[in-house]
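Here's the structure we're looking at; comments come further down.
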There are 2 protein chains.
Amino acid sequence: MFTKIEHIGIAVKDLQAANKMFGALSEIGLLKMEQVESEGVVVSFFKVGETKIEFLQSVDENGPIAKFIEKNGEGIHHIAFEVEDIDKEMKRLTESGFELLRTEKKEGADNKYICFLHPRSTNSVLTELCQDKS
Amino acid sequence: MFTKIEHIGIAVKDLQAANKMFGALSEIGLLKMEQVESEGVVVSFFKVGETKIEFLQSVDENGPIAKFIEKNGEGIHHIAFEVEDIDKEMKRLTESGFELLRTEKKEGADNKYICFLHPRSTNSVLTELCQDKS
């Protein structure tokens with residue numbers, strides 16, 4: 001079962017400019033920035049209530065965010081839902097006919113185990129599951 | 001200041017199918033459905049933690065959701081943030097250089113006053129402000 005929206009991921013070309021824009025828009029301060037080597041991105045987080053806005057800038061011209069922007073331009077990239085037991089949820093969703101992008105969970109930003117579902121089984125919404133590692 | 005993410009709006013072609021999909025995906029029950037005449041849509045809500053997922057299906061072939069799907073296909077349409085005083089926020093954001101789609105708030109789904117910001121000032125993310133009417 002999904003317990004909350006953990007974050008919404010937004011692909012941007014210029015992370016510093018996005019941080020400045022969202023700070024002015026929301027009047028919320030930047031929570032933190034992080035580099036995620038495995039995804040070829042630098043990311044920033046803003047905490048909005050119990051969830052977060054995550055901006056992602058590619059540092060790898062062949063990485064998934066670079067390719068997304070090349071195809072779609074900037075914009076919302078994914079929604080991430082918090083789950084308590086990611087292994088159990090991955091098994092449940094596979095059995096329910098949803099398609100995982102990989103069969104194994106991996107380490108994501110912000111001290112999380114993550115996995116993605118293919119958007120073709122979720123009304124074209126790239127959907128991430130997140131479980132806190134701690 | 002933005003206080004929480006009120007909902008994420010997702011444009012779909014078939015609301016019943018989307019409701020079924022998201023129920024199976026999240027194991028969360030449907031909260032409610034509503035018709036919003038002014039926007040030419042029927043919508044459904046699922047409560048996920050403190051925020052909501054809103055699916056929107058057009059009932060007007062010239063309405064904004066029909067046009068969005070024609071151009072982009074199904075997918076995430078907007079992010080809505082809760083604010084305490086929408087008039088004050090609209091004034092603040094205009095003065096900060098953000099562009100409102102309309103200068104007046106209007107009545108939206110779910111007993112809210114709403115307004116939209118033009119995505120060109122928000123990294124191509126269509127952004128909504130919501131204030132509870134009650």
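Chain labels follow the order of the structure tokens: the first chain is A, the next B, and so on; residue numbering restarts at 1 in every chain, and ligands are counted from 1 in their shown order.
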Find the residues in chain B near chain A: any atom within 6 Å counts, using only C-alpha atoms. Write them as an MDAnalysis selection string. chainID B and resid 1:2 4 26:27 48:49 74:75 124:125
Would you mind exporting the chosen residues as a PDB file, in the first residue's frame, restricted to N, CA and C atoms?
```
ATOM      1  N   MET B   1       2.882  31.989   1.042  1.00  0.00           N
ATOM      2  CA  MET B   1       3.708  30.780   1.197  1.00  0.00           C
ATOM      3  C   MET B   1       2.870  29.523   0.909  1.00  0.00           C
ATOM      4  N   PHE B   2       3.497  28.534   0.263  1.00  0.00           N
ATOM      5  CA  PHE B   2       2.782  27.284  -0.032  1.00  0.00           C
ATOM      6  C   PHE B   2       2.835  26.393   1.211  1.00  0.00           C
ATOM      7  N   LYS B   4       1.172  23.076   1.491  1.00  0.00           N
ATOM      8  CA  LYS B   4       1.336  21.655   1.154  1.00  0.00           C
ATOM      9  C   LYS B   4       1.003  21.451  -0.314  1.00  0.00           C
ATOM     10  N   SER B  26      -2.143   1.440  -5.912  1.00  0.00           N
ATOM     11  CA  SER B  26      -1.861   2.029  -4.594  1.00  0.00           C
ATOM     12  C   SER B  26      -2.486   1.275  -3.431  1.00  0.00           C
ATOM     13  N   GLU B  27      -3.497   0.445  -3.709  1.00  0.00           N
ATOM     14  CA  GLU B  27      -4.334  -0.167  -2.668  1.00  0.00           C
ATOM     15  C   GLU B  27      -5.054   0.881  -1.817  1.00  0.00           C
ATOM     16  N   VAL B  48      -3.860  10.390  -0.708  1.00  0.00           N
ATOM     17  CA  VAL B  48      -2.591   9.691  -0.466  1.00  0.00           C
ATOM     18  C   VAL B  48      -1.848  10.519   0.586  1.00  0.00           C
ATOM     19  N   GLY B  49      -1.870  10.070   1.837  1.00  0.00           N
ATOM     20  CA  GLY B  49      -1.313  10.901   2.906  1.00  0.00           C
ATOM     21  C   GLY B  49      -2.099  12.197   2.981  1.00  0.00           C
ATOM     22  N   GLU B  74      -1.924  11.132 -22.586  1.00  0.00           N
ATOM     23  CA  GLU B  74      -2.242  11.104 -21.159  1.00  0.00           C
ATOM     24  C   GLU B  74      -1.002  11.425 -20.332  1.00  0.00           C
ATOM     25  N   GLY B  75      -1.207  11.854 -19.100  1.00  0.00           N
ATOM     26  CA  GLY B  75      -0.063  12.074 -18.217  1.00  0.00           C
ATOM     27  C   GLY B  75      -0.320  13.190 -17.228  1.00  0.00           C
ATOM     28  N   SER B 124       7.991  24.963 -17.114  1.00  0.00           N
ATOM     29  CA  SER B 124       7.015  24.175 -17.878  1.00  0.00           C
ATOM     30  C   SER B 124       6.088  23.317 -17.024  1.00  0.00           C
ATOM     31  N   VAL B 125       6.000  23.628 -15.730  1.00  0.00           N
ATOM     32  CA  VAL B 125       5.077  22.902 -14.857  1.00  0.00           C
ATOM     33  C   VAL B 125       3.834  23.773 -14.653  1.00  0.00           C
TER      34      VAL B 125
END
```
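Around A:Ser44, within 7 Å and counting only C-alpha atoms, the residues found are Lys32, Met33, Glu34, Glu54, Phe55 and Leu56 of chain A, once anything fewer than 4 positions away on its own chain is removed.
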Residues at most 6 Å from A:Glu128, counting only C-alpha atoms, excluding those fewer than 4 positions away in the same chain, as a VMD selection string? chain A and resid 80 115 to 116
Write the selection just made, keeping N, CA, C and O atoms, as an mmCIF file, in the first residue's frame?
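Written file, out.cif:
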```
data_model
loop_
_atom_site.group_PDB
_atom_site.id
_atom_site.type_symbol
_atom_site.label_atom_id
_atom_site.label_comp_id
_atom_site.auth_asym_id
_atom_site.auth_seq_id
_atom_site.Cartn_x
_atom_site.Cartn_y
_atom_site.Cartn_z
ATOM 1 N N ALA A 80 6.828 9.972 -7.030
ATOM 2 C CA ALA A 80 7.362 8.911 -6.179
ATOM 3 C C ALA A 80 6.460 8.727 -4.961
ATOM 4 O O ALA A 80 6.125 9.694 -4.282
ATOM 5 N N CYS A 115 12.425 1.910 -6.901
ATOM 6 C CA CYS A 115 12.241 1.229 -8.189
ATOM 7 C C CYS A 115 11.213 2.011 -8.985
ATOM 8 O O CYS A 115 10.422 2.769 -8.428
ATOM 9 N N PHE A 116 11.271 1.860 -10.295
ATOM 10 C CA PHE A 116 10.345 2.560 -11.190
ATOM 11 C C PHE A 116 9.425 1.561 -11.881
ATOM 12 O O PHE A 116 9.839 0.451 -12.219
#
```
Pick out the residues sitting within 10 Å of B:Thr103, and hand them over as a ChimeraX atom specification; count only C-alpha atoms, and ignore anything fewer than 4 positions along from it in its own chain. /B:87,90-91,94,99,115-116
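Each of B:Leu31, B:Ala66, B:Leu129, B:Val36 was compared to B:Ile86 using only C-alpha atoms, and B:Leu129 turns out to be the nearest.
Atom pair atom CA of B:Arg102 / atom CA of A:Leu15 has a distance of 28.2 Å (rounded to one decimal).
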Can you tell me which residues surround B:Gln35 at a distance of at most 10 Å, considering only C-alpha atoms, apart from same-chain residues fewer than 2 positions away, and format the answer as a count of residues only? 15
Can you move chain A onto chain B by a least-squares fit over all C-alpha atoms paired in order, then give me the moved copy as an mmCIF file with C-alpha atoms, in the first residue's frame?
```
data_model
loop_
_atom_site.group_PDB
_atom_site.id
_atom_site.type_symbol
_atom_site.label_atom_id
_atom_site.label_comp_id
_atom_site.auth_asym_id
_atom_site.auth_seq_id
_atom_site.Cartn_x
_atom_site.Cartn_y
_atom_site.Cartn_z
ATOM 1 C CA MET A 1 3.707 30.760 1.210
ATOM 2 C CA PHE A 2 2.788 27.286 -0.035
ATOM 3 C CA THR A 3 1.639 25.048 2.834
ATOM 4 C CA LYS A 4 1.345 21.648 1.159
ATOM 5 C CA ILE A 5 0.821 19.896 -2.153
ATOM 6 C CA GLU A 6 -2.954 19.826 -2.367
ATOM 7 C CA HIS A 7 -3.110 17.460 -5.338
ATOM 8 C CA ILE A 8 -1.458 16.278 -8.536
ATOM 9 C CA GLY A 9 -3.706 16.382 -11.604
ATOM 10 C CA ILE A 10 -3.378 13.607 -14.199
ATOM 11 C CA ALA A 11 -5.160 13.821 -17.573
ATOM 12 C CA VAL A 12 -6.704 10.532 -18.697
ATOM 13 C CA LYS A 13 -8.950 9.361 -21.516
ATOM 14 C CA ASP A 14 -11.008 6.930 -19.438
ATOM 15 C CA LEU A 15 -11.691 7.879 -15.827
ATOM 16 C CA GLN A 16 -13.169 4.513 -14.848
ATOM 17 C CA ALA A 17 -10.107 2.692 -16.160
ATOM 18 C CA ALA A 18 -7.778 5.143 -14.381
ATOM 19 C CA ASN A 19 -9.672 4.666 -11.110
ATOM 20 C CA LYS A 20 -9.354 0.913 -11.444
ATOM 21 C CA MET A 21 -5.637 1.174 -12.313
ATOM 22 C CA PHE A 22 -4.812 3.486 -9.408
ATOM 23 C CA GLY A 23 -6.814 1.437 -6.905
ATOM 24 C CA ALA A 24 -4.821 -1.650 -7.922
ATOM 25 C CA LEU A 25 -1.545 0.286 -7.951
ATOM 26 C CA SER A 26 -1.869 2.030 -4.581
ATOM 27 C CA GLU A 27 -4.337 -0.164 -2.650
ATOM 28 C CA ILE A 28 -6.116 3.104 -1.764
ATOM 29 C CA GLY A 29 -9.864 3.426 -2.262
ATOM 30 C CA LEU A 30 -11.528 6.107 -4.404
ATOM 31 C CA LEU A 31 -12.322 9.205 -2.288
ATOM 32 C CA LYS A 32 -14.908 10.836 -4.574
ATOM 33 C CA MET A 33 -15.850 11.853 -8.090
ATOM 34 C CA GLU A 34 -17.094 15.237 -9.256
ATOM 35 C CA GLN A 35 -18.132 17.057 -12.431
ATOM 36 C CA VAL A 36 -16.581 20.503 -12.941
ATOM 37 C CA GLU A 37 -18.740 22.261 -15.518
ATOM 38 C CA SER A 38 -16.506 25.326 -15.879
ATOM 39 C CA GLU A 39 -13.523 23.148 -16.911
ATOM 40 C CA GLY A 40 -15.459 20.608 -18.967
ATOM 41 C CA VAL A 41 -14.176 17.668 -16.924
ATOM 42 C CA VAL A 42 -15.181 14.848 -14.642
ATOM 43 C CA VAL A 43 -12.616 14.162 -11.959
ATOM 44 C CA SER A 44 -11.844 11.550 -9.345
ATOM 45 C CA PHE A 45 -9.774 11.926 -6.186
ATOM 46 C CA PHE A 46 -7.656 9.485 -4.204
ATOM 47 C CA LYS A 47 -6.262 10.633 -0.861
ATOM 48 C CA VAL A 48 -2.594 9.692 -0.462
ATOM 49 C CA GLY A 49 -1.327 10.890 2.912
ATOM 50 C CA GLU A 50 -2.082 14.612 3.183
ATOM 51 C CA THR A 51 -2.312 15.148 -0.576
ATOM 52 C CA LYS A 52 -4.481 13.777 -3.400
ATOM 53 C CA ILE A 53 -4.175 12.287 -6.841
ATOM 54 C CA GLU A 54 -6.798 13.805 -9.172
ATOM 55 C CA PHE A 55 -7.643 12.110 -12.461
ATOM 56 C CA LEU A 56 -9.305 14.361 -15.056
ATOM 57 C CA GLN A 57 -11.325 13.173 -18.041
ATOM 58 C CA SER A 58 -12.670 15.677 -20.530
ATOM 59 C CA VAL A 59 -16.388 15.830 -21.286
ATOM 60 C CA ASP A 60 -15.845 18.729 -23.715
ATOM 61 C CA GLU A 61 -13.866 18.028 -26.875
ATOM 62 C CA ASN A 62 -12.696 21.662 -26.940
ATOM 63 C CA GLY A 63 -11.897 21.813 -23.221
ATOM 64 C CA PRO A 64 -8.381 22.188 -21.771
ATOM 65 C CA ILE A 65 -7.961 18.492 -20.868
ATOM 66 C CA ALA A 66 -9.092 17.307 -24.315
ATOM 67 C CA LYS A 67 -6.587 19.672 -25.900
ATOM 68 C CA PHE A 68 -3.822 18.615 -23.520
ATOM 69 C CA ILE A 69 -4.327 14.937 -24.364
ATOM 70 C CA GLU A 70 -4.517 15.675 -28.082
ATOM 71 C CA LYS A 71 -1.123 17.407 -27.868
ATOM 72 C CA ASN A 72 0.710 15.370 -25.208
ATOM 73 C CA GLY A 73 -1.221 12.167 -24.653
ATOM 74 C CA GLU A 74 -2.242 11.107 -21.152
ATOM 75 C CA GLY A 75 -0.056 12.083 -18.229
ATOM 76 C CA ILE A 76 0.594 14.550 -15.437
ATOM 77 C CA HIS A 77 -1.220 17.806 -16.155
ATOM 78 C CA HIS A 78 -0.591 20.044 -13.142
ATOM 79 C CA ILE A 79 0.568 20.344 -9.534
ATOM 80 C CA ALA A 80 -1.697 22.179 -7.094
ATOM 81 C CA PHE A 81 -0.332 23.812 -3.952
ATOM 82 C CA GLU A 82 -2.447 24.776 -0.957
ATOM 83 C CA VAL A 83 -2.277 28.380 0.175
ATOM 84 C CA GLU A 84 -4.053 30.068 3.067
ATOM 85 C CA ASP A 85 -4.952 33.299 1.274
ATOM 86 C CA ILE A 86 -5.169 32.960 -2.499
ATOM 87 C CA ASP A 87 -5.766 36.672 -3.134
ATOM 88 C CA LYS A 88 -2.626 37.586 -1.229
ATOM 89 C CA GLU A 89 -0.583 34.899 -3.024
ATOM 90 C CA MET A 90 -1.850 35.985 -6.467
ATOM 91 C CA LYS A 91 -0.782 39.532 -5.695
ATOM 92 C CA ARG A 92 2.593 38.438 -4.320
ATOM 93 C CA LEU A 93 3.350 36.176 -7.299
ATOM 94 C CA THR A 94 2.339 38.788 -9.876
ATOM 95 C CA GLU A 95 4.634 41.291 -8.185
ATOM 96 C CA SER A 96 7.419 38.660 -8.202
ATOM 97 C CA GLY A 97 7.143 38.306 -12.004
ATOM 98 C CA PHE A 98 5.102 35.086 -12.228
ATOM 99 C CA GLU A 99 2.366 35.064 -14.820
ATOM 100 C CA LEU A 100 -1.218 34.152 -13.841
ATOM 101 C CA LEU A 101 -3.483 32.579 -16.465
ATOM 102 C CA ARG A 102 -6.329 34.805 -15.237
ATOM 103 C CA THR A 103 -6.298 37.807 -12.979
ATOM 104 C CA GLU A 104 -9.304 36.554 -10.975
ATOM 105 C CA LYS A 105 -9.532 33.410 -8.858
ATOM 106 C CA LYS A 106 -12.290 30.984 -9.795
ATOM 107 C CA GLU A 107 -14.223 28.100 -8.266
ATOM 108 C CA GLY A 108 -12.623 24.717 -8.812
ATOM 109 C CA ALA A 109 -13.380 21.126 -7.828
ATOM 110 C CA ASP A 110 -13.425 19.970 -4.219
ATOM 111 C CA ASN A 111 -14.816 23.201 -2.697
ATOM 112 C CA LYS A 112 -11.787 25.345 -3.567
ATOM 113 C CA TYR A 113 -10.866 28.728 -4.943
ATOM 114 C CA ILE A 114 -8.195 28.197 -7.545
ATOM 115 C CA CYS A 115 -5.914 29.973 -9.980
ATOM 116 C CA PHE A 116 -3.281 28.766 -12.427
ATOM 117 C CA LEU A 117 0.151 30.139 -13.208
ATOM 118 C CA HIS A 118 1.452 30.044 -16.756
ATOM 119 C CA PRO A 119 3.973 27.186 -17.122
ATOM 120 C CA ARG A 120 6.456 29.407 -18.946
ATOM 121 C CA SER A 121 7.414 31.025 -15.624
ATOM 122 C CA THR A 122 7.632 27.698 -13.727
ATOM 123 C CA ASN A 123 9.947 25.363 -15.718
ATOM 124 C CA SER A 124 7.023 24.170 -17.873
ATOM 125 C CA VAL A 125 5.069 22.914 -14.856
ATOM 126 C CA LEU A 126 1.439 24.028 -14.910
ATOM 127 C CA THR A 127 1.012 25.230 -11.327
ATOM 128 C CA GLU A 128 -2.290 25.711 -9.493
ATOM 129 C CA LEU A 129 -2.960 27.487 -6.224
ATOM 130 C CA CYS A 130 -5.864 26.264 -4.065
ATOM 131 C CA GLN A 131 -7.592 27.737 -1.068
ATOM 132 C CA ASP A 132 -10.349 25.963 0.833
ATOM 133 C CA LYS A 133 -13.605 27.922 0.547
ATOM 134 C CA SER A 134 -14.809 26.946 3.988
#
```
According to DSSP computed on the backbone, where in stretch 26-106 of chain B is there helix (DSSP H, G or I)? Give the residues as a list in words. Ser26, Glu37, Ser38, Glu39, Pro64, Ile65, Ala66, Lys67, Phe68, Ile69, Glu70, Lys71, Asn72, Ile86, Asp87, Lys88, Glu89, Met90, Lys91, Arg92, Leu93, Thr94 and Glu95 of chain B
N, CA and C atoms of the current selection, written as an mmCIF file, in the first residue's frame:
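And here's part-v9.cif as it stands now:
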```
data_model
loop_
_atom_site.group_PDB
_atom_site.id
_atom_site.type_symbol
_atom_site.label_atom_id
_atom_site.label_comp_id
_atom_site.auth_asym_id
_atom_site.auth_seq_id
_atom_site.Cartn_x
_atom_site.Cartn_y
_atom_site.Cartn_z
ATOM 1 N N SER B 26 -2.143 1.440 -5.912
ATOM 2 C CA SER B 26 -1.861 2.029 -4.594
ATOM 3 C C SER B 26 -2.486 1.275 -3.431
ATOM 4 N N GLU B 37 -18.168 21.712 -14.283
ATOM 5 C CA GLU B 37 -18.747 22.249 -15.523
ATOM 6 C C GLU B 37 -17.823 23.282 -16.169
ATOM 7 N N SER B 38 -17.278 24.185 -15.344
ATOM 8 C CA SER B 38 -16.505 25.310 -15.882
ATOM 9 C C SER B 38 -15.248 24.845 -16.608
ATOM 10 N N GLU B 39 -14.749 23.662 -16.261
ATOM 11 C CA GLU B 39 -13.525 23.144 -16.894
ATOM 12 C C GLU B 39 -13.823 22.048 -17.924
ATOM 13 N N PRO B 64 -9.828 22.195 -21.967
ATOM 14 C CA PRO B 64 -8.369 22.181 -21.776
ATOM 15 C C PRO B 64 -7.774 20.775 -21.631
ATOM 16 N N ILE B 65 -8.517 19.854 -21.035
ATOM 17 C CA ILE B 65 -7.965 18.496 -20.869
ATOM 18 C C ILE B 65 -7.997 17.739 -22.198
ATOM 19 N N ALA B 66 -9.054 17.941 -22.980
ATOM 20 C CA ALA B 66 -9.101 17.316 -24.317
ATOM 21 C C ALA B 66 -7.934 17.807 -25.169
ATOM 22 N N LYS B 67 -7.679 19.115 -25.098
ATOM 23 C CA LYS B 67 -6.578 19.687 -25.901
ATOM 24 C C LYS B 67 -5.214 19.206 -25.409
ATOM 25 N N PHE B 68 -5.078 19.107 -24.083
ATOM 26 C CA PHE B 68 -3.818 18.614 -23.514
ATOM 27 C C PHE B 68 -3.520 17.207 -24.021
ATOM 28 N N ILE B 69 -4.527 16.324 -23.953
ATOM 29 C CA ILE B 69 -4.323 14.926 -24.362
ATOM 30 C C ILE B 69 -4.054 14.843 -25.870
ATOM 31 N N GLU B 70 -4.733 15.659 -26.637
ATOM 32 C CA GLU B 70 -4.512 15.683 -28.097
ATOM 33 C C GLU B 70 -3.051 16.028 -28.407
ATOM 34 N N LYS B 71 -2.504 16.951 -27.612
ATOM 35 C CA LYS B 71 -1.127 17.410 -27.863
ATOM 36 C C LYS B 71 -0.073 16.490 -27.241
ATOM 37 N N ASN B 72 -0.329 16.066 -25.982
ATOM 38 C CA ASN B 72 0.711 15.369 -25.205
ATOM 39 C C ASN B 72 0.416 13.903 -24.902
ATOM 40 N N ILE B 86 -5.494 32.997 -1.062
ATOM 41 C CA ILE B 86 -5.180 32.958 -2.495
ATOM 42 C C ILE B 86 -5.062 34.371 -3.085
ATOM 43 N N ASP B 87 -5.849 35.315 -2.609
ATOM 44 C CA ASP B 87 -5.769 36.691 -3.134
ATOM 45 C C ASP B 87 -4.388 37.292 -2.849
ATOM 46 N N LYS B 88 -3.935 37.074 -1.634
ATOM 47 C CA LYS B 88 -2.625 37.582 -1.233
ATOM 48 C C LYS B 88 -1.500 36.923 -2.048
ATOM 49 N N GLU B 89 -1.621 35.622 -2.256
ATOM 50 C CA GLU B 89 -0.590 34.895 -3.020
ATOM 51 C C GLU B 89 -0.589 35.325 -4.496
ATOM 52 N N MET B 90 -1.768 35.543 -5.058
ATOM 53 C CA MET B 90 -1.854 35.973 -6.462
ATOM 54 C C MET B 90 -1.197 37.343 -6.630
ATOM 55 N N LYS B 91 -1.404 38.202 -5.665
ATOM 56 C CA LYS B 91 -0.785 39.541 -5.699
ATOM 57 C C LYS B 91 0.738 39.418 -5.549
ATOM 58 N N ARG B 92 1.154 38.622 -4.567
ATOM 59 C CA ARG B 92 2.588 38.435 -4.324
ATOM 60 C C ARG B 92 3.297 37.864 -5.554
ATOM 61 N N LEU B 93 2.690 36.843 -6.172
ATOM 62 C CA LEU B 93 3.343 36.174 -7.298
ATOM 63 C C LEU B 93 3.389 37.079 -8.537
ATOM 64 N N THR B 94 2.329 37.830 -8.749
ATOM 65 C CA THR B 94 2.329 38.780 -9.874
ATOM 66 C C THR B 94 3.452 39.800 -9.686
ATOM 67 N N GLU B 95 3.578 40.299 -8.475
ATOM 68 C CA GLU B 95 4.623 41.291 -8.187
ATOM 69 C C GLU B 95 6.027 40.689 -8.292
#
```
Write down as a ChimeraX atom specification the residues of chain A whose backbone DSSP state falls under strand (DSSP E or B). /A:4-11,32-36,41-48,51-58,75-82,100,106-108,112-117,127-132
